[in-house]
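Trainee: Have a look at the structure that comes next, please.
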Amino acid sequence: AGLSWALYKGQVSPQKYGAREAAAMSLDGNKALQADVAAIFATQSTEPTTSVMKTYAPTDAVRELAAAWQRGDGYALGLSNVRNGEQVGGHAVTPVALESLGDGKVGIVLYDNNYPKAPQTMVVDTVANTWTYSTASNPADDPEAYHGGVDNPLELWPVTPMLGPQNCPFCSEGSATTATGVDGKERTVKGGSALNYVYLNQESDAKGVKIAVTDLAGKPIAGATAVSPLSGGQQA
């Protein structure tokens, strides 16, 4: 979703991926495109991107999108599929416009990489402060209605930080170097982190495997949080 906005606004050229226009790009066998999609996906867990992501109630998200576009900024929009209070899927899309649907409803016009040939629309009810969108985490599956509100808000990820090089949490504490981002610009990045990351295969739950992350005594780790990226069962 982040790379889609960057291509749309000319922050990244499709010629980088061997095509004259974005619609002509192919993911299969395109190592440069695959690498950049993976790099931007990983920014869900890296700085400086994670610290600038914010969650918004639907009506506030509409206002913020309008304000961002006035500033010339763009967002990737993250949404979760929640059932019985549990996140069972998620997706990220690229908002590009707003349209009035009447009766207090606003359409957020989206580019959805699962349905790339036609614009999609998320409906926000500004009176009830809710959102509804039909999609699928896996494009091979039939779409289903995702919905939310204050209790299942929308995530807005600024695109510009996604395009830059990210800090390295597993590099030496206090280290720094110059790196080049997806957008081709150089920036200084830092090493080290106060956090340790444990990456778990989310498919394990579907196969009945339960994985617990504890300290050496088998007790819960104070301050540890679980983060479900928008991938796999949830797809970015």
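The chains in the structure tokens are called A, B, ... from first to last as shown; in each chain the residues are counted from 1, and the ligands are counted from 1 in the order shown.
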Per residue of region 110-205 of chain A within 8 Å of region 73-82 of chain A, record the nearest atom pair and its distance in Å to one decimal, counting only C-alpha atoms, with rows in chain order and ascending residue number, as JSON lines.
Mentor:
```
{"residue": "A:Tyr146", "atom": "CA", "partner": "A:Asn81", "partner_atom": "CA", "distance": 5.3}
{"residue": "A:His147", "atom": "CA", "partner": "A:Asn81", "partner_atom": "CA", "distance": 7.0}
{"residue": "A:Asn152", "atom": "CA", "partner": "A:Ser80", "partner_atom": "CA", "distance": 7.3}
{"residue": "A:Pro153", "atom": "CA", "partner": "A:Leu79", "partner_atom": "CA", "distance": 7.6}
{"residue": "A:Leu154", "atom": "CA", "partner": "A:Leu79", "partner_atom": "CA", "distance": 5.5}
{"residue": "A:Glu155", "atom": "CA", "partner": "A:Gly78", "partner_atom": "CA", "distance": 4.7}
{"residue": "A:Leu156", "atom": "CA", "partner": "A:Leu77", "partner_atom": "CA", "distance": 4.9}
{"residue": "A:Trp157", "atom": "CA", "partner": "A:Ala76", "partner_atom": "CA", "distance": 5.1}
{"residue": "A:Pro158", "atom": "CA", "partner": "A:Tyr75", "partner_atom": "CA", "distance": 4.5}
{"residue": "A:Val159", "atom": "CA", "partner": "A:Tyr75", "partner_atom": "CA", "distance": 5.3}
{"residue": "A:Thr160", "atom": "CA", "partner": "A:Gly74", "partner_atom": "CA", "distance": 7.7}
```
Trainee: Next, write the just-selected residues to a file, as a PDB file, in the first residue's frame, keeping C-alpha atoms as the atom set.
Mentor:
```pdb
ATOM      1  CA  TYR A 146     -14.763  -5.889   7.451  1.00  0.00           C
ATOM      2  CA  HIS A 147     -16.261  -3.337   9.798  1.00  0.00           C
ATOM      3  CA  ASN A 152     -11.868  -1.222  15.894  1.00  0.00           C
ATOM      4  CA  PRO A 153     -10.247   1.938  14.571  1.00  0.00           C
ATOM      5  CA  LEU A 154      -8.290   2.544  11.379  1.00  0.00           C
ATOM      6  CA  GLU A 155      -4.507   2.739  11.204  1.00  0.00           C
ATOM      7  CA  LEU A 156      -2.864   5.502   9.191  1.00  0.00           C
ATOM      8  CA  TRP A 157       0.769   4.893   8.261  1.00  0.00           C
ATOM      9  CA  PRO A 158       2.597   7.909   6.755  1.00  0.00           C
ATOM     10  CA  VAL A 159       4.231   6.805   3.525  1.00  0.00           C
ATOM     11  CA  THR A 160       7.346   8.988   3.537  1.00  0.00           C
TER      12      THR A 160
END
```
Trainee: As a list in words, please: every residue in region 38-235 of chain A that a backbone DSSP assignment puts in alpha helix (DSSP H).
Mentor: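 After running DSSP on the backbone, region 38-235 of chain A has alpha helix (DSSP H) at Ala38, Ala39, Ile40, Phe41, Ala42, Pro58, Thr59, Asp60, Ala61, Val62, Arg63, Glu64, Leu65, Ala66, Ala67, Ala68, Trp69, Gln70, Arg71, Val159, Thr160, Pro161, Met162, Leu163, Glu203, Ser204, Asp205 and Ala206 of chain A.
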Trainee: Between A:Ala128, A:Ala179, A:Leu163, A:Ala224, which has the minimum distance to Phe41 (chain A) (counting only C-alpha atoms)?
Mentor: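 Looking at the shortest contact to Phe41 (chain A), the residue is A:Leu163.
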Trainee: Need to verify the contact set: Asp125 (chain A), 10 Å, only C-alpha atoms, exclusion of same-chain residues closer than 3 positions in sequence. Can you return it as a list of chain:residue names?
Mentor: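 Contacts, with the query itself left out: A:Pro58, A:Thr59, A:Leu101, A:Gly102, A:Asp103, A:Gly104, A:Lys105, A:Val106, A:Gly107, A:Met122, A:Ala128, A:Asn129, A:Thr130, A:Trp131, A:Thr132, A:Gly149.
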Trainee: For each of A:Ala32, A:Val37, A:Val189, A:Leu110, take the minimum atom-to-atom distance to Ala176 (chain A), counting only C-alpha atoms, then give the residue where this is smallest.
Mentor: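 Ranking A:Ala32, A:Val37, A:Val189, A:Leu110 by distance to Ala176 (chain A), first place goes to A:Val189.
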Trainee: Using CA of Asn167 (chain A) and CA of Glu47 (chain A) as the two end points, give the distance in Å to one decimal.
Mentor: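 So the two atoms, CA of Asn167 (chain A) and CA of Glu47 (chain A), lie 5.5 Å apart.
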Trainee: DSSP says strand (DSSP E or B) for which residues of region 5-213 of chain A? Put them as a ChimeraX atom specification?
Mentor: /A:54-56,75-83,86-102,105-111,120-125,130-135,144-148,154-158,168,176-180,186-191
Trainee: Compile the contact shell of Pro14 (chain A) as an NGL selection string: residues with an atom at most 10 Å away, counting only C-alpha atoms, same-chain residues fewer than 6 positions apart removed.
Mentor: :A and (6-8 or 20-25 or 33)
